[in-house]
Structures are given as structure tokens and as C-alpha cells.
$ cat input05.tsv   # TSV, C-alpha atoms and all ligand atoms
chain	number	residue	atom	x	y	z
G	1	MET	CA	134.00	-20.10	82.45
G	2	THR	CA	136.55	-17.74	84.01
G	3	SER	CA	136.40	-16.48	87.61
G	4	VAL	CA	136.64	-13.07	89.29
G	5	GLY	CA	140.13	-13.90	90.61
G	6	GLU	CA	141.37	-15.00	87.17
G	7	ILE	CA	140.00	-12.01	85.34
G	8	LEU	CA	141.50	-9.66	87.95
G	9	ALA	CA	144.92	-11.31	87.62
G	10	GLU	CA	144.76	-11.10	83.80
G	11	ALA	CA	143.73	-7.45	83.90
G	12	THR	CA	146.60	-6.61	86.28
G	13	THR	CA	149.15	-8.38	84.08
G	14	ARG	CA	147.84	-6.57	81.00
G	15	LEU	CA	148.05	-3.13	82.65
G	16	MET	CA	151.55	-3.83	83.99
G	17	ALA	CA	152.67	-4.75	80.46
G	18	ALA	CA	151.19	-1.46	79.21
G	19	GLY	CA	153.37	0.48	81.69
G	20	VAL	CA	150.51	1.59	83.97
G	21	ALA	CA	152.07	2.68	87.28
G	22	GLU	CA	149.26	1.59	89.62
G	23	ALA	CA	148.27	-1.49	87.60
G	24	ARG	CA	146.94	-3.52	90.55
G	25	LEU	CA	144.78	-0.71	91.93
G	26	ASP	CA	143.46	0.33	88.51
G	27	ALA	CA	142.63	-3.28	87.58
G	28	ARG	CA	140.66	-3.62	90.81
G	29	LEU	CA	138.70	-0.41	90.15
G	30	LEU	CA	137.89	-1.26	86.54
G	31	VAL	CA	137.02	-4.92	87.13
G	32	GLY	CA	134.81	-3.83	90.05
G	33	GLU	CA	133.08	-1.26	87.83
G	34	ALA	CA	132.54	-3.68	84.91
G	35	LEU	CA	131.23	-6.48	87.14
G	36	GLY	CA	129.31	-4.19	89.48
G	37	ILE	CA	130.95	-5.70	92.56
G	38	SER	CA	132.77	-4.19	95.53
G	39	ARG	CA	136.45	-4.63	96.28
G	40	GLU	CA	135.50	-6.63	99.38
G	41	SER	CA	133.43	-9.12	97.43
G	42	MET	CA	136.18	-9.37	94.77
G	43	PHE	CA	138.56	-10.60	97.45
G	44	ALA	CA	136.03	-12.60	99.47
G	45	PHE	CA	134.72	-14.59	96.46
G	46	PRO	CA	137.54	-14.85	93.89
G	47	GLU	CA	136.15	-18.16	92.60
G	48	LYS	CA	132.81	-16.56	91.60
G	49	PRO	CA	132.18	-17.33	87.90
G	50	VAL	CA	132.08	-14.50	85.34
G	51	ASP	CA	130.01	-14.96	82.15
G	52	ALA	CA	131.13	-14.03	78.63
G	53	ALA	CA	129.22	-10.73	78.53
G	54	ALA	CA	130.88	-9.60	81.76
G	55	VAL	CA	134.31	-10.66	80.48
G	56	ALA	CA	133.72	-8.48	77.39
G	57	ARG	CA	132.77	-5.52	79.60
G	58	VAL	CA	135.97	-5.93	81.63
G	59	GLN	CA	138.07	-6.21	78.48
G	60	ALA	CA	136.61	-3.05	77.00
G	61	LEU	CA	137.60	-1.05	80.10
G	62	ILE	CA	141.03	-2.66	80.38
G	63	ASP	CA	141.68	-1.92	76.67
G	64	ARG	CA	141.04	1.76	77.34
G	65	ARG	CA	143.30	1.83	80.39
G	66	ALA	CA	146.03	-0.08	78.51
G	67	ALA	CA	145.88	2.74	75.92
G	68	ARG	CA	146.70	4.96	78.96
G	69	GLU	CA	143.32	6.66	79.27
G	70	PRO	CA	143.06	7.80	82.92
G	71	VAL	CA	140.80	5.79	85.23
G	72	SER	CA	138.84	8.93	86.07
G	73	HIS	CA	137.97	9.47	82.38
G	74	ILE	CA	136.94	5.82	82.01
G	75	LEU	CA	134.75	5.89	85.12
G	76	GLY	CA	133.57	9.44	84.38
G	77	ARG	CA	134.12	10.61	87.96
G	78	ARG	CA	136.77	11.51	90.47
G	79	GLY	CA	136.77	12.21	94.19
G	80	PHE	CA	137.95	15.62	95.43
G	81	TRP	CA	137.86	16.78	99.06
G	82	THR	CA	134.61	15.15	100.26
G	83	LEU	CA	132.87	15.34	96.87
G	84	ASP	CA	132.32	12.88	94.02
G	85	LEU	CA	132.60	14.86	90.78
G	86	ALA	CA	131.85	14.07	87.14
G	87	VAL	CA	134.77	14.52	84.76
G	88	GLY	CA	135.14	14.10	81.00
G	89	PRO	CA	137.12	15.15	77.95
G	90	ASP	CA	136.58	18.88	78.67
G	91	ILE	CA	137.81	18.61	82.22
G	92	LEU	CA	141.14	18.25	83.98
G	93	ALA	CA	140.57	15.47	86.52
G	94	PRO	CA	140.98	17.13	89.95
G	95	ARG	CA	144.24	16.23	91.70
G	96	PRO	CA	144.83	15.62	95.40
G	97	ASP	CA	147.57	18.33	95.28
G	98	SER	CA	144.88	20.92	94.58
G	99	GLU	CA	143.38	20.23	98.01
G	100	THR	CA	146.33	22.34	99.29
G	101	VAL	CA	144.42	25.38	97.93
G	102	ILE	CA	141.34	24.41	99.95
G	103	GLU	CA	143.40	23.90	103.12
G	104	ALA	CA	145.08	27.29	102.63
G	105	VAL	CA	141.75	29.11	102.23
G	106	LEU	CA	140.10	27.39	105.18
G	107	ALA	CA	143.11	28.22	107.36
G	108	THR	CA	143.32	31.92	106.43
G	109	ALA	CA	140.05	33.30	105.02
G	110	ARG	CA	136.70	34.22	106.45
G	111	PRO	CA	133.63	32.88	104.57
G	112	GLY	CA	132.31	35.21	101.88
G	113	PRO	CA	131.74	35.40	98.11
G	114	ILE	CA	134.20	33.19	96.20
G	115	LEU	CA	135.60	33.54	92.68
G	116	ASP	CA	137.20	30.48	91.03
G	117	PHE	CA	139.28	31.18	87.92
G	118	GLY	CA	139.64	28.21	85.52
G	119	THR	CA	137.03	26.22	87.38
G	120	GLY	CA	137.19	22.98	85.30
G	121	SER	CA	135.09	20.44	87.21
G	122	GLY	CA	134.23	23.17	89.72
G	123	CYS	CA	136.23	21.27	92.34
G	124	LEU	CA	137.80	24.23	94.18
G	125	LEU	CA	134.63	26.32	94.36
G	126	LEU	CA	132.42	23.37	95.29
G	127	ALA	CA	134.80	22.10	98.00
G	128	LEU	CA	134.81	25.56	99.61
G	129	LEU	CA	131.03	25.90	99.37
G	130	SER	CA	130.66	22.47	100.97
G	131	GLU	CA	132.60	23.82	103.97
G	132	TRP	CA	130.90	27.23	104.13
G	133	PRO	CA	127.13	26.70	104.15
G	134	ASP	CA	126.26	30.40	103.80
G	135	ALA	CA	128.71	31.31	101.04
G	136	TRP	CA	128.10	31.58	97.29
G	137	GLY	CA	130.53	31.74	94.41
G	138	VAL	CA	131.24	32.08	90.71
G	139	GLY	CA	133.38	29.76	88.60
G	140	ILE	CA	134.81	30.97	85.26
G	141	ASP	CA	136.20	28.78	82.51
G	142	ARG	CA	137.15	29.58	78.93
G	143	ASN	CA	135.78	26.20	77.90
G	144	PRO	CA	131.95	26.28	77.87
G	145	GLY	CA	131.92	22.47	78.17
G	146	ALA	CA	133.77	22.74	81.47
G	147	ALA	CA	131.34	25.36	82.76
G	148	ARG	CA	128.45	23.00	81.90
G	149	VAL	CA	130.02	20.02	83.72
G	150	ALA	CA	130.83	22.22	86.73
G	151	ALA	CA	127.19	23.37	86.91
G	152	ALA	CA	126.00	19.75	86.77
G	153	ASN	CA	128.49	18.85	89.53
G	154	ALA	CA	127.16	21.70	91.67
G	155	ALA	CA	123.60	20.43	91.24
G	156	ALA	CA	124.61	16.82	91.98
G	157	CYS	CA	126.37	17.94	95.18
G	158	GLY	CA	123.31	19.94	96.32
G	159	LEU	CA	125.23	23.22	95.86
G	160	GLY	CA	123.52	24.44	92.68
G	161	GLY	CA	121.72	27.30	94.43
G	162	ARG	CA	125.01	28.83	95.59
G	163	ALA	CA	127.36	28.11	92.67
G	164	PHE	CA	127.20	30.00	89.35
G	165	PHE	CA	129.30	29.17	86.31
G	166	VAL	CA	130.23	31.36	83.37
G	167	ALA	CA	132.22	30.70	80.20
G	168	GLY	CA	134.72	33.52	79.79
G	169	ASP	CA	138.31	34.66	79.55
G	170	TRP	CA	139.67	35.07	83.10
G	171	GLY	CA	138.37	38.21	84.83
G	172	ARG	CA	137.99	40.49	81.83
G	173	ALA	CA	134.21	40.82	82.00
G	174	LEU	CA	133.95	40.82	85.78
G	175	ILE	CA	133.32	43.63	88.22
G	176	GLY	CA	132.72	43.45	91.96
G	177	ARG	CA	134.72	42.26	94.96
G	178	PHE	CA	135.23	38.74	96.27
G	179	ALA	CA	136.31	37.69	99.75
G	180	VAL	CA	138.14	34.69	98.34
G	181	ILE	CA	139.70	34.16	94.92
G	182	VAL	CA	141.09	30.74	94.00
G	183	ALA	CA	142.77	29.67	90.79
G	184	ASN	CA	144.51	26.62	89.46
G	185	PRO	CA	145.49	27.92	86.02
G	186	PRO	CA	147.33	25.97	83.33
G	187	TYR	CA	151.01	26.07	84.34
G	188	ILE	CA	152.94	23.49	82.31
G	189	PRO	CA	155.59	25.05	80.03
G	190	THR	CA	154.47	24.36	76.44
G	191	ALA	CA	157.60	22.41	75.53
G	192	ASP	CA	157.15	20.03	78.51
G	193	ILE	CA	153.63	18.86	77.59
G	194	ALA	CA	154.65	16.20	75.07
G	195	GLY	CA	156.93	14.58	77.68
G	196	LEU	CA	154.22	14.21	80.35
G	197	ASP	CA	152.71	10.80	81.15
G	198	PRO	CA	150.41	9.69	78.30
G	199	GLU	CA	147.44	9.89	80.70
G	200	VAL	CA	147.98	13.65	80.84
G	201	ALA	CA	149.53	14.49	77.47
G	202	ARG	CA	146.99	12.50	75.41
G	203	TYR	CA	143.80	12.78	77.42
G	204	GLU	CA	143.74	15.96	79.50
G	205	PRO	CA	142.53	19.09	77.61
G	206	ARG	CA	145.44	21.17	76.35
G	207	LEU	CA	143.63	24.34	77.45
G	208	ALA	CA	143.94	23.05	81.02
G	209	LEU	CA	147.68	22.41	80.77
G	210	ASP	CA	149.48	24.91	78.57
G	211	GLY	CA	150.98	27.76	80.57
G	212	GLY	CA	153.03	29.23	77.70
G	213	ALA	CA	156.79	29.25	77.19
G	214	ASP	CA	157.77	29.41	80.88
G	215	GLY	CA	154.47	28.12	82.34
G	216	LEU	CA	153.66	31.50	83.90
G	217	ASP	CA	151.56	33.21	81.18
G	218	CYS	CA	148.24	32.70	82.96
G	219	TYR	CA	149.53	34.15	86.25
G	220	ARG	CA	150.68	37.25	84.33
G	221	HIS	CA	147.15	37.65	82.93
G	222	LEU	CA	145.34	36.78	86.13
G	223	LEU	CA	147.15	38.61	88.90
G	224	PRO	CA	146.17	42.17	87.91
G	225	ASP	CA	142.52	41.00	87.75
G	226	ILE	CA	142.89	39.27	91.12
G	227	ALA	CA	144.24	42.49	92.66
G	228	ARG	CA	141.27	44.38	91.17
G	229	LEU	CA	138.59	41.88	92.23
G	230	LEU	CA	139.81	40.91	95.72
G	231	ALA	CA	137.87	42.58	98.53
G	232	PRO	CA	139.80	44.44	101.23
G	233	GLY	CA	140.83	41.81	103.80
G	234	GLY	CA	140.17	39.06	101.24
G	235	VAL	CA	142.42	36.11	100.46
G	236	ALA	CA	143.68	34.83	97.10
G	237	ALA	CA	145.08	31.29	96.85
G	238	LEU	CA	146.74	30.16	93.63
G	239	GLU	CA	147.95	26.69	92.82
G	240	VAL	CA	151.44	26.64	91.26
G	241	GLY	CA	153.61	24.00	89.61
G	242	ALA	CA	156.74	22.60	91.26
G	243	GLY	CA	159.44	25.29	91.37
G	244	GLN	CA	157.08	28.15	90.38
G	245	ALA	CA	156.14	29.54	93.82
G	246	GLY	CA	158.93	32.13	93.90
G	247	ALA	CA	158.17	33.49	90.43
G	248	VAL	CA	154.40	33.59	91.06
G	249	ALA	CA	154.94	35.31	94.42
G	250	GLY	CA	157.02	37.94	92.57
G	251	LEU	CA	154.24	38.46	90.00
G	252	ALA	CA	151.66	38.78	92.81
G	253	GLU	CA	153.74	41.44	94.53
G	254	ARG	CA	154.22	43.31	91.28
G	255	ALA	CA	150.41	43.34	90.90
G	256	GLY	CA	150.16	45.08	94.30
G	257	LEU	CA	149.40	42.06	96.47
G	258	ARG	CA	151.22	40.93	99.62
G	259	VAL	CA	152.21	37.25	99.71
G	260	THR	CA	151.39	35.82	103.13
G	261	GLU	CA	152.21	32.14	102.62
G	262	ARG	CA	153.74	29.60	100.22
G	263	ARG	CA	151.99	26.44	101.29
G	264	ARG	CA	153.42	22.97	100.64
G	265	ASP	CA	151.49	19.90	99.49
G	266	LEU	CA	151.80	16.47	101.08
G	267	ALA	CA	154.93	15.75	99.01
G	268	GLY	CA	156.60	18.86	100.49
G	269	ILE	CA	156.37	20.84	97.22
G	270	GLU	CA	155.40	24.53	97.41
G	271	ARG	CA	151.96	24.18	95.79
G	272	CYS	CA	149.92	27.22	96.75
G	273	VAL	CA	150.75	30.92	96.88
G	274	VAL	CA	148.48	32.84	99.29
G	275	ALA	CA	148.17	36.61	98.95
G	276	GLN	CA	146.21	39.54	100.30
G	277	HIS	CA	146.09	43.23	99.50
G	278	GLY	CA	149.34	45.10	100.20
G	279	ALA	CA	149.58	46.98	103.50
E	301	LIG	C1	144.61	23.28	85.49
E	301	LIG	S1	142.90	23.35	85.03
E	301	LIG	C2	142.16	23.52	86.63
E	301	LIG	C3	140.77	22.96	86.74
E	301	LIG	C4	140.22	22.95	88.18
E	301	LIG	N1	140.12	24.29	88.72
E	301	LIG	C5	141.09	22.10	89.07
E	301	LIG	O1	141.70	22.64	90.02
E	301	LIG	O2	141.15	20.89	88.87
E	301	LIG	C6	142.82	24.99	84.34
E	301	LIG	C7	141.47	25.43	83.83
E	301	LIG	O3	141.60	26.75	83.31
E	301	LIG	C8	140.79	26.89	82.15
E	301	LIG	N2	141.30	28.02	81.37
E	301	LIG	C9	142.36	28.06	80.52
E	301	LIG	N3	142.50	29.30	79.99
E	301	LIG	C10	141.50	30.06	80.49
E	301	LIG	C11	141.11	31.42	80.31
E	301	LIG	N4	141.76	32.25	79.51
E	301	LIG	N5	140.04	31.88	81.01
E	301	LIG	C12	139.35	31.05	81.85
E	301	LIG	N6	139.66	29.74	82.04
E	301	LIG	C13	140.73	29.25	81.38
E	301	LIG	C14	140.91	25.53	81.48
E	301	LIG	O4	139.85	25.31	80.57
E	301	LIG	C15	140.93	24.58	82.69
E	301	LIG	O5	139.62	24.15	83.01

$ encode --input "input05.tsv" --output "C-alpha cells"
Amino acid sequence: MTSVGEILAEATTRLMAAGVAEARLDARLLVGEALGISRESMFAFPEKPVDAAAVARVQALIDRRAAREPVSHILGRRGFWTLDLAVGPDILAPRPDSETVIEAVLATARPGPILDFGTGSGCLLLALLSEWPDAWGVGIDRNPGAARVAAANAAACGLGGRAFFVAGDWGRALIGRFAVIVANPPYIPTADIAGLDPEVARYEPRLALDGGADGLDCYRHLLPDIARLLAPGGVAALEVGAGQAGAVAGLAERAGLRVTERRRDLAGIERCVVAQHGA
């Protein structure tokens, strides 16, 4: 019979051979999940025996990761801000970079109604609602499957009474005014998608990635709606791809907004364009 330590070493070697960047970490997460044991117990009791059924469970998960399926899709969840969110084939797994949008809003906006364009897992809206106990918000996604998962995430986080999700095309059907508008639209130039890591190119939904020829199509569609739907004194915070902040700031200004900040993520990349109504 094999042991926890042996199966962990084999899984790591297999993922390294498959070109997985964080092979050691991913092996630990997947072996822990398949065996139902914590990281601490994995290291404290490496000699613990593992039966054949458990070995098969580990292998099934490692096979999927070796085919470059992201860990978050395999586990069906991903942490964002302080929340544990369900993800799946309809959903872009939330990225730590997107927390820059949350930081920008918390630093500049006053709590009020929130609109989240391209909500996906609901991560941006739900993170803000978790910080602002009296606020409510609406998340829009073109993909009805995403809107369903976001609603389930809201309920699981205890935020279901303050978060509403709609399937729709950006702001076309919306009226009203929102104190905060956030968006992390698709921004990868179409021609670059095939060259992304297989975890993204093969498994993330194309609707969440494709930003058109120059990556900026969605900002062109969204910014006039943002200018129309942002309340006086409100704050809009848009995630952007590396190198896009200048172009998106220009589009925001052309839509009648005033750019107040281009906020960097932890890697020093300009990741979030913050705007308010022009003077
Ligand atoms: C980059 S993902 C962002 C998901 C999530 N907000 C996040 O930060 O992780 C972009 C999202 O926009 C949605 N989307 C794409 N085109 C759309 C459209 N025309 N109207 C509304 N949502 C759209 C996609 O389905 C996807 O969920």
C-alpha cells in the first residue's frame, strides 16, 4: 500500500512533467482534497497508508490538472477578498489582481447602490457588499449561467437579500443611478487568446476573455452607459489589462467622465481606472 508522502511526491512529479507552474502547491491542494486531509496532517503524517480507492481519487484529480484544467475548476471554488466562491465552466475564476478594483472603491467611494457589469462569479459586487453592510447591488452578465452561479454565491455568503443578478447585454436595459459602478470586462485582444496559458485558453469561457481586435471593444460599449448610470458624486472603477490604462482613461474622458486615478496592482501594473463625472 502506498503512503500519503509517496502519493504526494508522485503527484508533484507528474504535474511538473505536464508543465504546471505551481506543481508542488497544486499537488498538495488536490491530494488534500481527494484524501480529505489538511495540509498540516499531510506533512505531519506522511507515512499514513492510502488505500486503492483513495489512490484512484487522487489520480483522477491529478489527471485533470495534468491536462491543464485550473485547480479552481477542479475544486469548484476559489477565494476572493474574504469570500469563498463557487466557480465552474461558465465563470472566469476570480483573480487576485481584481482585488485592486475593490481597494480602489473602498478608498474613494461612499457606500451606496452598486452596479457590477460582467459579474461572472459575482466576486466584485459580493466583496463590496461584504464591506458595506447597508448597501445593495445589481450584477449583470450576458451569460445566464454566470448570473445563476453569482446568485448562488450571494446566497452562500449570506448576501442574497442585497445582491440581484440579471442576464443581459451590458447596460442597455438599465435605467437609474448607481453610487458605484464596477466592471472587469473581457479585455484580451482576440488574436492573443490562443497563446495564453492552456488553463485560460482551454478552460475559461471565451465570452469572459475576448475583448475584440485591440482588447478595448467592451470599454467602448460600456463607458457611455457608465456615464449615463453613474450618480452625481459616484465612482466608477474598471479593471484593465496590462498596458491598457491610458487608452481606457481616454475612452472614459471621451464619454464625459473625469479620470481620478490609475491604480496599480501588487505587481506594479496599472490595473484599475477610477473615474467620476466631469467637473
Ligand atoms: C473578465 S470576466 C469578469 C468576471 C468577474 N467580474 C471577475 O472580475 O472575475 C467578464 C465577464 O463579462 C461577461 N460579459 C461578456 N460580454 C458581456 C456583455 N455584452 N454583457 C454583459 N456581460 C458580458 C462575461 O460573461 C464574463 O462573466

$ atom_distance --input "input05.tsv" --atom1 "CA of Arg78 (chain G)" --atom2 "CA of Val274 (chain G)"
25.9 Å

$ closest_residue --input "input05.tsv" --among "G:Ala156, G:Ile188, G:Ala60, G:Leu128" --to "ligand LIG 301 (chain E)" --atoms "all atoms listed in the file"
G:Ile188

$ closest_residue --input "input05.tsv" --among "G:Ile102, G:Ile74, G:Ile193, G:Ile181" --to "Ala227 (chain G)" --atoms "all atoms listed in the file"
G:Ile181

$ closest_atom_pairs --input "input05.tsv" --of "region 64-98 of chain G" --to "region 116-121 of chain G" --cutoff "8 Å" --atoms "all atoms listed in the file" --output "tab-separated table"
residue	atom	partner	partner_atom	distance
G:Leu85	CA	G:Ser121	CA	7.1
G:Ala86	CA	G:Ser121	CA	7.1
G:Val87	CA	G:Ser121	CA	6.4
G:Asp90	CA	G:Gly120	CA	7.8
G:Ile91	CA	G:Gly120	CA	5.4
G:Leu92	CA	G:Gly120	CA	6.3
G:Ala93	CA	G:Ser121	CA	7.4
G:Pro94	CA	G:Ser121	CA	7.3

$ residues_near_ligand --input "input05.tsv" --ligand "ligand LIG 301 (chain E)" --cutoff "8 Å" --atoms "all atoms listed in the file" --output "ChimeraX atom specification"
/G:90-95,98,116-124,140-143,146,167-171,183-187,205,207-209,218,239

$ closest_residue --input "input05.tsv" --among "G:His277, G:Val240, G:Ile62, G:Ala53" --to "Asp97 (chain G)" --atoms "all atoms listed in the file"
G:Val240

$ atom_distance --input "input05.tsv" --atom1 "CA of Leu196 (chain G)" --atom2 "CA of Arg68 (chain G)"
12.0 Å

$ atom_distance --input "input05.tsv" --atom1 "CA of Arg65 (chain G)" --atom2 "CA of Ala267 (chain G)"
26.0 Å

$ closest_residue --input "input05.tsv" --among "G:Ala21, G:Ile7, G:Ala67, G:Ala127" --to "Ala54 (chain G)" --atoms "only C-alpha atoms"
G:Ile7

$ closest_residue --input "input05.tsv" --among "G:Gly246, G:Gly76, G:Gly137, G:Gly88" --to "Ala154 (chain G)" --atoms "all atoms listed in the file"
G:Gly137

$ residues_near_point --input "input05.tsv" --point "(124.8, 20.0, 90.6)" --cutoff "12 Å" --atoms "all atoms listed in the file" --output "JSON, numbers by chain"
{"G": [83, 84, 85, 86, 121, 122, 123, 126, 147, 148, 149, 150, 151, 152, 153, 154, 155, 156, 157, 158, 159, 160, 161, 162, 163, 164, 165]}

$ residues_near_point --input "input05.tsv" --point "(124.5, 32.5, 103.7)" --cutoff "12 Å" --atoms "only C-alpha atoms" --output "PyMOL selection string"
chain G and resi 111-113+129+131-137+161-162

$ residues_around --input "input05.tsv" --residues "Gly250 (chain G)" --least-positions-apart "5" --cutoff "9 Å" --atoms "only C-alpha atoms" --output "list of chain:residue names"
G:Ala245, G:Ala255, G:Val259

$ decode --input "input05.tsv" --residues "region 111-122 of chain G" --atoms "C-alpha atoms" --output "short mmCIF file (atom, residue, chain, number, x, y, z; two decimals), in the first residue's frame"
data_model
loop_
_atom_site.label_atom_id
_atom_site.label_comp_id
_atom_site.auth_asym_id
_atom_site.auth_seq_id
_atom_site.Cartn_x
_atom_site.Cartn_y
_atom_site.Cartn_z
CA PRO G 111 -21.41 53.27 0.31
CA GLY G 112 -24.50 53.26 -1.92
CA PRO G 113 -26.18 51.22 -4.67
CA ILE G 114 -23.63 49.25 -6.72
CA LEU G 115 -23.75 48.10 -10.35
CA ASP G 116 -21.36 45.33 -11.47
CA PHE G 117 -21.00 44.88 -15.24
CA GLY G 118 -19.87 41.38 -16.34
CA THR G 119 -20.36 39.98 -12.87
CA GLY G 120 -19.16 36.38 -13.54
CA SER G 121 -18.93 34.73 -10.12
CA GLY G 122 -20.30 37.94 -8.58
#
